[in-house]
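**Student:** Got a structure for you, written out below as structure tokens; questions coming shortly.
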Amino acid sequence: MGWAIALHGGAGDIPRSLPPERRQPREAALRHCLQIGVAAIKAGRSPLDVVELVVRELEDNPHFNAGRGSVLTSNGTVEMEACIMDGNTKLCGAVSGLSTVKNAVSLARLVMEKTPHIYLGFDGAEAFARDQGVEIVDSSHLITPENIERLKQAKEANRVQIDYTQPINKVEEAPLPNGDSQLGTVGCVAVDGNGNLATATSTGGLVNKMVGRIGDTPIIGAGTYANKFCAISATGRGESIIRATVGRDVAALMEYKGLSLKEASTYVIEECAPSGTAGLVAVSAAGEVVMPFNTVGMFRACATEDGYTEVAIWPNELCD
């Protein structure tokens, strides 16, 4: 048994021709956040502290679809959501519809620790944030020029689309209800040397999504889940992940069927989630780590106590 950590920066139709100016900053951020997480684990921080710390860093990076890099709704606004969960206690907190909170994951933790509830959304969540004194920013701080352009492209194509979707030509048909590709998000899972587990996930959602749309990220058992067996953070097309109850199914296969983390995760991603829609990072109480996906690629990184480290985007590939 030993500690392990894994994190992701989104899965989807990530082309191998992704320009260096888009690929390299994300790779560097994955390495940086992995180093922060490893240092925190080695310093004796709890897994819950570790996943919050790492996801905050990812939220603050404009190259990912969370926090400062959140994609925009059809109205050109930001609606962020996040979730955090402790494996041993199953205590959890979730938020949706945030437009001014700098770090949604930290507000989710406050919901878990400071209220009798699990999930707060929109005006109520924003009011709670102000009451708790969390850092508030003008919504313009969260909107990047890249995401303004993404929204323009999505509107011209009349589609709801994913963070890593490449520009497409304008079409006249009605929008596809499930979007035309997959969307990225950010997340982190961690386990310490005593088998304590935690997970956290954060996202801006879909490009050109309807105002008020809620994805899988804040839904316990879908995009985020942890118990005494494992911790999971999923990414991809939210509607598909919700239908497949991705996070809970991995844990249930381990708990009730005795599958290993690798077996359970592989089965759920390959058999339960439709092809091209999902990926996840997960760790087990025994210190195992897996990062399966059925999309073209997934920005991901992991490290274990025995010295293994991986930073990658596409299958069977390590970044330089």
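To be explicit about the labels: the chains of the structure tokens are called A, B, and onward in the order shown, and within each one the residues are counted from 1, while ligands get numbers from 1 in the order they are shown.
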Write out as a list in words the residues lying within 6 Å of segment 83-85 of chain A, counting only C-alpha atoms and excluding same-chain residues fewer than 2 positions away.
**Tutor:**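 Neighbouring residues, sequence-local ones excluded: Leu91, Cys92, Gly93, Ala94, Ala108, Ala198, Thr199, Ala200, Thr201 and Pro218 of chain A.
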**Student:** Can I get the selected residues back with N, CA, C and O atoms, as an mmCIF file, in the first residue's frame?
**Tutor:**
data_model
loop_
_atom_site.group_PDB
_atom_site.id
_atom_site.type_symbol
_atom_site.label_atom_id
_atom_site.label_comp_id
_atom_site.auth_asym_id
_atom_site.auth_seq_id
_atom_site.Cartn_x
_atom_site.Cartn_y
_atom_site.Cartn_z
ATOM 1 N N LEU A 91 -18.681 11.997 2.878
ATOM 2 C CA LEU A 91 -19.101 13.390 2.923
ATOM 3 C C LEU A 91 -18.744 14.043 1.594
ATOM 4 O O LEU A 91 -17.691 13.761 1.010
ATOM 5 N N CYS A 92 -19.625 14.920 1.113
ATOM 6 C CA CYS A 92 -19.379 15.529 -0.191
ATOM 7 C C CYS A 92 -20.083 16.872 -0.279
ATOM 8 O O CYS A 92 -21.007 17.172 0.485
ATOM 9 N N GLY A 93 -19.623 17.686 -1.226
ATOM 10 C CA GLY A 93 -20.230 18.978 -1.469
ATOM 11 C C GLY A 93 -20.162 19.295 -2.954
ATOM 12 O O GLY A 93 -19.210 18.906 -3.638
ATOM 13 N N ALA A 94 -21.188 19.991 -3.447
ATOM 14 C CA ALA A 94 -21.248 20.307 -4.870
ATOM 15 C C ALA A 94 -21.889 21.670 -5.084
ATOM 16 O O ALA A 94 -22.720 22.112 -4.287
ATOM 17 N N ALA A 108 -17.377 24.221 -2.996
ATOM 18 C CA ALA A 108 -17.984 22.896 -2.837
ATOM 19 C C ALA A 108 -17.571 22.279 -1.503
ATOM 20 O O ALA A 108 -18.393 21.666 -0.806
ATOM 21 N N ALA A 198 -9.844 10.522 -1.750
ATOM 22 C CA ALA A 198 -10.647 11.722 -2.003
ATOM 23 C C ALA A 198 -10.618 12.040 -3.487
ATOM 24 O O ALA A 198 -9.693 11.650 -4.215
ATOM 25 N N THR A 199 -11.629 12.780 -3.920
ATOM 26 C CA THR A 199 -11.721 13.201 -5.319
ATOM 27 C C THR A 199 -12.310 14.600 -5.401
ATOM 28 O O THR A 199 -13.072 15.028 -4.519
ATOM 29 N N ALA A 200 -11.969 15.314 -6.468
ATOM 30 C CA ALA A 200 -12.558 16.629 -6.745
ATOM 31 C C ALA A 200 -12.576 16.856 -8.248
ATOM 32 O O ALA A 200 -11.657 16.435 -8.954
ATOM 33 N N THR A 201 -13.642 17.508 -8.721
ATOM 34 C CA THR A 201 -13.810 17.785 -10.145
ATOM 35 C C THR A 201 -14.378 19.187 -10.304
ATOM 36 O O THR A 201 -15.152 19.646 -9.463
ATOM 37 N N PRO A 218 -20.949 17.859 -10.872
ATOM 38 C CA PRO A 218 -21.405 17.990 -9.484
ATOM 39 C C PRO A 218 -22.355 16.885 -9.035
ATOM 40 O O PRO A 218 -22.850 16.934 -7.907
#
**Student:** List every residue of segment 84-310 of chain A that DSSP, applied to the backbone of this structure, places in helix (DSSP H, G or I), and write the result as a PyMOL selection string.
**Tutor:** chain A and resi 104-114+122-132+139-142+145-157+238-244+246-257+261-272
**Student:** Excluding Ala29 of chain A and its own-chain neighbours fewer than 3 positions away, which residues fall within 8 Å of it when counting only C-alpha atoms? Please give them as a PyMOL selection string.
**Tutor:** chain A and resi 25-26+32-33+58+61
**Student:** One decimal, in Å: what's the spacing between atom CA of Gly193 of chain A and atom CA of Glu255 of chain A?
**Tutor:**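 Atom CA of Glu255 of chain A lies at a distance of 20.4 Å from atom CA of Gly193 of chain A.
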**Student:** Counting only C-alpha atoms, which residue out of A:Ala273, A:Val246, A:Ala125, A:Val191 sits closest to Cys302 of chain A?
**Tutor:**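 Of the candidates, the smallest distance to Cys302 of chain A is held by A:Val191.
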